[in-house]
Structure formats: structure tokens, C-alpha cells
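Participant: Just passing along the structure, written as C-alpha cells.
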Amino acid sequence: MTTQPYRILCVCLGNICRSPTAEVVLRHYVETNHLNVVVDSAGTSNYHIGDLPDYRSQAHARKRGYDLSVLRGRQLNTHDFVKFDLILAMDEANLTAIQALYDTLSDHERHQAKAKVQLMSHALNSQLMIADPYYGDAADFERVLDQCEQASQAWVDLFKRERIGC
Ligand code: 4NP
């Protein structure tokens, strides 16, 4: 019998900077730890549907060995609450937008929805916001990677403690 993977969706505003970075970093951590977890990402906005990740996110990630080039922007939709076990918001505004979309679900969809919605920093026992680097500089893109790596290690530790994806 094959066990269904635990499904995680990383969410930011544009799905071109933070959440694609979080997707690829978290996927690396769960794969390295042989966890049965799949990771995807989406944006709360429709600004960058079909777009490549921001070239700066790609370049900074590539320096650490992460390849973002196959990803394309997509918008969060109501089916994601059914499809995913865990939705990770990069910041408080994303969390509010995700909650607002949840509030539009029909009773039927709500019945099927299983996703827990939390901040990416939740596993760090912190309210840390992964700040939008879009109008920032190189240090802001590096900080996103640092924070995604720290949070991903904390999620892996939590999954192992709770026997998720094991
Ligand atoms: P992200 O960053 O939410 O981390 O993907 C942004 C990307 C694009 C925009 C805003 C934030 N934008 O306004 O186009």
C-alpha cells in the first residue's frame, strides 16, 4: 500500500519571489530527510500568473544550489484548501488574504477542505514575517533564503516529531 504524501502549499503575494523560494528550499529539506511530503507554491494575487520567478530570486537561490527556473506563477484558488494539508503564508497580509478566500468557500467546499493555514515561521515558534523583497536589494533576497532555510529545518524537525510524512 502506498501512503498519500503530506501536501504543503507555500503562499506569498506574487508567487515570484518568496513562495517559489520557500517551495524549492522546503522541498530540498523534506527530500534530504526522506519525508513523504510534496511542496507547491501560489500567490494570493493574479499579478504574475504564468511568469518565471523573479530573476533576482533565481540568481540568489542558484548561488545556494536551488533551481527555481522550472516554476511558473499561479494564483491560489479554493480547490487548494481541499488539495493541500498545510498552507504556509509568508507574512500576515498573505495569511489574511488566504483567510478571506477561505471565507468564500461554499458549505460543500468547506466540508471537503482539510488545509491548516499557518505562517511559514510557525515551526520556529515565532511570528517572524518573511518580508517582501520585490522593492528591496540583494540583502533582502539573501534574507528570504536564510529565513526559508531556517523555517524549513524547523518544519522538518516538527514533522519528524509528529511522524508526518514518515
Ligand atoms: P512575492 O513578491 O510576493 O514574494 O512574490 C512580490 C512580487 C511581485 C509583486 C509584489 C510582491 N508585485 O507587486 O508585482
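Every chain in the C-alpha cells takes a letter, A first, then B, and so on in the order presented; its residues are numbered from 1, and the ligands are numbered from 1 following the presented order.
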Kindly provide, as an MDAnalysis selection string, all nucleotide and amino acid residues lying within 10 Å of ligand 1, counting only C-alpha atoms and all ligand atoms.

Facilitator: chainID A and resid 11:22 42:48 53:54 57 73 90:91 94 130:135 141 144

Participant: Skip Gln147 of chain A itself and residues of its chain fewer than 4 positions away, then list as a ChimeraX atom specification all residues within 9 Å of it, counting only C-alpha atoms.

Facilitator: /A:22,121,128,130,142-143,151-152

Participant: With C-alpha atoms retained, write the just-selected residues as a PDB file, in the first residue's frame.

Facilitator:
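As a result, out01.pdb now contains:
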```pdb
ATOM      1  CA  ALA A  22      10.148  28.609   0.047  1.00  0.00           C
ATOM      2  CA  SER A 121       7.633  30.881  10.670  1.00  0.00           C
ATOM      3  CA  LEU A 128       8.550  36.270  12.026  1.00  0.00           C
ATOM      4  CA  ILE A 130       9.228  36.800   5.605  1.00  0.00           C
ATOM      5  CA  GLU A 142      19.503  36.695   0.852  1.00  0.00           C
ATOM      6  CA  ARG A 143      17.384  37.199   3.990  1.00  0.00           C
ATOM      7  CA  ALA A 151      11.963  27.637   8.786  1.00  0.00           C
ATOM      8  CA  SER A 152      12.334  24.543   6.578  1.00  0.00           C
TER       9      SER A 152
END
```

Participant: To one decimal place, how far is atom CA of Tyr6 of chain A from atom CA of Leu71 of chain A in Å?

Facilitator: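 One can read the atom CA of Tyr6 of chain A to atom CA of Leu71 of chain A distance as 20.3 Å.
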
Participant: Where does DSSP see strand (DSSP E or B) in segment 20-159 of chain A, if you list the residues as an mmCIF file with all heavy atoms, in the first residue's frame?

Facilitator:
```cif
data_model
loop_
_atom_site.group_PDB
_atom_site.id
_atom_site.type_symbol
_atom_site.label_atom_id
_atom_site.label_comp_id
_atom_site.auth_asym_id
_atom_site.auth_seq_id
_atom_site.Cartn_x
_atom_site.Cartn_y
_atom_site.Cartn_z
ATOM 1 N N VAL A 37 6.587 14.048 1.597
ATOM 2 C CA VAL A 37 5.941 15.366 1.610
ATOM 3 C C VAL A 37 6.140 15.992 0.236
ATOM 4 O O VAL A 37 7.251 15.942 -0.307
ATOM 5 C CB VAL A 37 6.603 16.264 2.692
ATOM 6 C CG1 VAL A 37 6.111 17.699 2.580
ATOM 7 C CG2 VAL A 37 6.345 15.722 4.094
ATOM 8 N N VAL A 38 5.069 16.550 -0.334
ATOM 9 C CA VAL A 38 5.226 17.291 -1.588
ATOM 10 C C VAL A 38 4.938 18.766 -1.333
ATOM 11 O O VAL A 38 4.137 19.120 -0.458
ATOM 12 C CB VAL A 38 4.343 16.740 -2.731
ATOM 13 C CG1 VAL A 38 4.739 15.321 -3.095
ATOM 14 C CG2 VAL A 38 2.883 16.830 -2.402
ATOM 15 N N VAL A 39 5.615 19.605 -2.090
ATOM 16 C CA VAL A 39 5.549 21.051 -1.854
ATOM 17 C C VAL A 39 5.238 21.769 -3.167
ATOM 18 O O VAL A 39 5.796 21.426 -4.216
ATOM 19 C CB VAL A 39 6.889 21.586 -1.288
ATOM 20 C CG1 VAL A 39 6.727 23.035 -0.831
ATOM 21 C CG2 VAL A 39 7.405 20.726 -0.140
ATOM 22 N N ASP A 40 4.353 22.745 -3.081
ATOM 23 C CA ASP A 40 3.993 23.578 -4.229
ATOM 24 C C ASP A 40 3.950 25.021 -3.731
ATOM 25 O O ASP A 40 4.161 25.273 -2.531
ATOM 26 C CB ASP A 40 2.616 23.117 -4.758
ATOM 27 C CG ASP A 40 2.244 23.719 -6.109
ATOM 28 O OD1 ASP A 40 3.086 24.403 -6.728
ATOM 29 O OD2 ASP A 40 1.089 23.505 -6.537
ATOM 30 N N SER A 41 3.669 25.976 -4.625
ATOM 31 C CA SER A 41 3.517 27.360 -4.171
ATOM 32 C C SER A 41 2.493 28.081 -5.037
ATOM 33 O O SER A 41 2.176 27.647 -6.156
ATOM 34 C CB SER A 41 4.864 28.101 -4.197
ATOM 35 O OG SER A 41 5.329 28.263 -5.514
ATOM 36 N N ALA A 42 1.990 29.193 -4.502
ATOM 37 C CA ALA A 42 1.000 30.014 -5.211
ATOM 38 C C ALA A 42 1.035 31.419 -4.635
ATOM 39 O O ALA A 42 1.604 31.654 -3.561
ATOM 40 C CB ALA A 42 -0.404 29.410 -5.047
ATOM 41 N N GLY A 43 0.410 32.348 -5.365
ATOM 42 C CA GLY A 43 0.301 33.729 -4.898
ATOM 43 C C GLY A 43 -1.147 34.075 -4.617
ATOM 44 O O GLY A 43 -2.057 33.517 -5.233
ATOM 45 N N GLN A 75 -2.088 31.495 -9.220
ATOM 46 C CA GLN A 75 -2.858 32.129 -8.152
ATOM 47 C C GLN A 75 -3.519 31.068 -7.273
ATOM 48 O O GLN A 75 -4.024 30.052 -7.766
ATOM 49 C CB GLN A 75 -3.929 33.051 -8.744
ATOM 50 C CG GLN A 75 -4.639 33.885 -7.679
ATOM 51 C CD GLN A 75 -5.591 34.912 -8.280
ATOM 52 O OE1 GLN A 75 -5.994 34.789 -9.438
ATOM 53 N NE2 GLN A 75 -5.948 35.907 -7.491
ATOM 54 N N LEU A 86 -1.478 21.537 4.367
ATOM 55 C CA LEU A 86 -0.912 22.671 5.103
ATOM 56 C C LEU A 86 -0.623 23.800 4.121
ATOM 57 O O LEU A 86 0.028 23.572 3.090
ATOM 58 C CB LEU A 86 0.394 22.213 5.786
ATOM 59 C CG LEU A 86 1.157 23.220 6.638
ATOM 60 C CD1 LEU A 86 0.315 23.704 7.823
ATOM 61 C CD2 LEU A 86 2.471 22.599 7.152
ATOM 62 N N ILE A 87 -1.122 24.993 4.428
ATOM 63 C CA ILE A 87 -0.839 26.174 3.617
ATOM 64 C C ILE A 87 0.006 27.111 4.468
ATOM 65 O O ILE A 87 -0.398 27.476 5.586
ATOM 66 C CB ILE A 87 -2.141 26.859 3.136
ATOM 67 C CG1 ILE A 87 -2.928 25.903 2.223
ATOM 68 C CG2 ILE A 87 -1.825 28.157 2.406
ATOM 69 C CD1 ILE A 87 -4.253 26.458 1.698
ATOM 70 N N LEU A 88 1.174 27.470 3.946
ATOM 71 C CA LEU A 88 2.116 28.290 4.717
ATOM 72 C C LEU A 88 2.200 29.686 4.125
ATOM 73 O O LEU A 88 2.671 29.863 2.987
ATOM 74 C CB LEU A 88 3.504 27.626 4.716
ATOM 75 C CG LEU A 88 3.573 26.282 5.420
ATOM 76 C CD1 LEU A 88 4.995 25.703 5.320
ATOM 77 C CD2 LEU A 88 3.162 26.414 6.887
ATOM 78 N N ALA A 89 1.755 30.678 4.894
ATOM 79 C CA ALA A 89 1.779 32.074 4.464
ATOM 80 C C ALA A 89 3.124 32.690 4.832
ATOM 81 O O ALA A 89 3.644 32.462 5.921
ATOM 82 C CB ALA A 89 0.656 32.843 5.155
ATOM 83 N N LYS A 116 -4.683 23.166 6.950
ATOM 84 C CA LYS A 116 -4.367 24.047 8.077
ATOM 85 C C LYS A 116 -3.624 25.237 7.483
ATOM 86 O O LYS A 116 -2.806 25.055 6.580
ATOM 87 C CB LYS A 116 -3.409 23.335 9.040
ATOM 88 C CG LYS A 116 -4.048 22.814 10.292
ATOM 89 C CD LYS A 116 -3.028 22.558 11.381
ATOM 90 C CE LYS A 116 -2.118 21.381 11.065
ATOM 91 N NZ LYS A 116 -1.280 20.970 12.197
ATOM 92 N N VAL A 117 -3.896 26.434 7.965
ATOM 93 C CA VAL A 117 -3.220 27.623 7.443
ATOM 94 C C VAL A 117 -2.364 28.228 8.551
ATOM 95 O O VAL A 117 -2.881 28.543 9.632
ATOM 96 C CB VAL A 117 -4.240 28.662 6.918
ATOM 97 C CG1 VAL A 117 -3.516 29.868 6.332
ATOM 98 C CG2 VAL A 117 -5.170 28.039 5.880
ATOM 99 N N GLN A 118 -1.071 28.338 8.283
ATOM 100 C CA GLN A 118 -0.153 28.864 9.299
ATOM 101 C C GLN A 118 0.903 29.745 8.644
ATOM 102 O O GLN A 118 1.090 29.697 7.433
ATOM 103 C CB GLN A 118 0.521 27.694 10.032
ATOM 104 C CG GLN A 118 -0.480 26.958 10.905
ATOM 105 C CD GLN A 118 0.096 25.770 11.640
ATOM 106 O OE1 GLN A 118 0.938 25.069 11.105
ATOM 107 N NE2 GLN A 118 -0.386 25.539 12.840
ATOM 108 N N LEU A 119 1.601 30.502 9.463
ATOM 109 C CA LEU A 119 2.747 31.262 8.955
ATOM 110 C C LEU A 119 3.904 30.309 8.679
ATOM 111 O O LEU A 119 4.068 29.307 9.402
ATOM 112 C CB LEU A 119 3.206 32.301 9.980
ATOM 113 C CG LEU A 119 2.386 33.577 10.109
ATOM 114 C CD1 LEU A 119 2.873 34.386 11.317
ATOM 115 C CD2 LEU A 119 2.473 34.424 8.831
#
```

Participant: Using only C-alpha atoms, which of the listed residues (A:Lys114, A:Thr96, A:Asp51, A:Val30) sits closest to Leu158 of chain A?

Facilitator: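 Comparing A:Lys114, A:Thr96, A:Asp51, A:Val30 against Leu158 of chain A, the winner is A:Val30.
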
Participant: I'd like the neighbourhood of Ala154 of chain A as a list in words, where a residue qualifies if any of its atoms comes within 6 Å (using only C-alpha atoms), though same-chain residues fewer than 3 positions away should be ignored.

Facilitator: Ala123, Leu124, Ala151 and Asp157 of chain A

Participant: Take the residues that were just selected and, keeping N, CA and C atoms, output them as a PDB file, in the first residue's frame.

Facilitator:
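Here's the written file selection-v4.pdb:
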```pdb
ATOM      1  N   ALA A 123       6.745  27.052  12.679  1.00  0.00           N
ATOM      2  CA  ALA A 123       7.566  25.960  13.234  1.00  0.00           C
ATOM      3  C   ALA A 123       8.755  26.496  14.028  1.00  0.00           C
ATOM      4  N   LEU A 124       9.092  27.766  13.803  1.00  0.00           N
ATOM      5  CA  LEU A 124      10.185  28.397  14.571  1.00  0.00           C
ATOM      6  C   LEU A 124       9.663  28.971  15.881  1.00  0.00           C
ATOM      7  N   ALA A 151      13.331  28.126   8.585  1.00  0.00           N
ATOM      8  CA  ALA A 151      11.963  27.637   8.786  1.00  0.00           C
ATOM      9  C   ALA A 151      11.821  26.202   8.270  1.00  0.00           C
ATOM     10  N   ASP A 157      11.955  19.185  11.477  1.00  0.00           N
ATOM     11  CA  ASP A 157      12.060  18.712  12.867  1.00  0.00           C
ATOM     12  C   ASP A 157      10.668  18.427  13.435  1.00  0.00           C
TER      13      ASP A 157
END
```

Participant: From the DSSP assignment of the backbone, select every residue of segment 45-123 of chain A that is helix (DSSP H, G or I), and format the answer as a ChimeraX atom specification.

Facilitator: /A:55-63,80-83,92-102,107-112,120-123

Participant: For a quick check of understanding, using only C-alpha atoms, which of A:Pro5, A:Val24, A:His122, A:Glu92 has the smallest distance to Ala61 of chain A?

Facilitator: A:Val24

Participant: Taking 2 positions as the minimum chain separation for residues in the same chain, which residues sit within 12 Å of His34 of chain A when counting only C-alpha atoms? Answer as a list in words.

Facilitator: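 In the requested format, the answer is Pro5, Arg27, His28, Tyr29, Val30, Glu31, Thr32, Asn36, Val37, Val38, Val156, Phe159, Lys160, Ile164, Gly165 and Cys166 of chain A.
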
Participant: For Tyr66 of chain A, which residue among A:Val25, A:Ile8, A:Val82, A:Ala115 is the nearest when counting only C-alpha atoms?

Facilitator: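 Residue with the minimum atom-to-atom distance to Tyr66 of chain A: A:Val25.
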
Participant: Determine the nearest neighbour of Gln58 of chain A from the options A:Val70, A:Thr3, A:Asp137, A:Thr104, counting only C-alpha atoms.

Facilitator: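 Among the listed residues, A:Val70 lies closest to Gln58 of chain A.
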
Participant: What gap, in Å, lies between atom CA of Met129 of chain A and atom CA of Asp146 of chain A?

Facilitator: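 Rounded to one decimal, the two atoms are 12.5 Å apart.
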
Participant: Kindly give the distance, in Å, that separates atom CA of Glu23 of chain A and atom CA of Leu95 of chain A, rounded to a single decimal.

Facilitator: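 Separating atom CA of Glu23 of chain A from atom CA of Leu95 of chain A is a distance of 16.7 Å.
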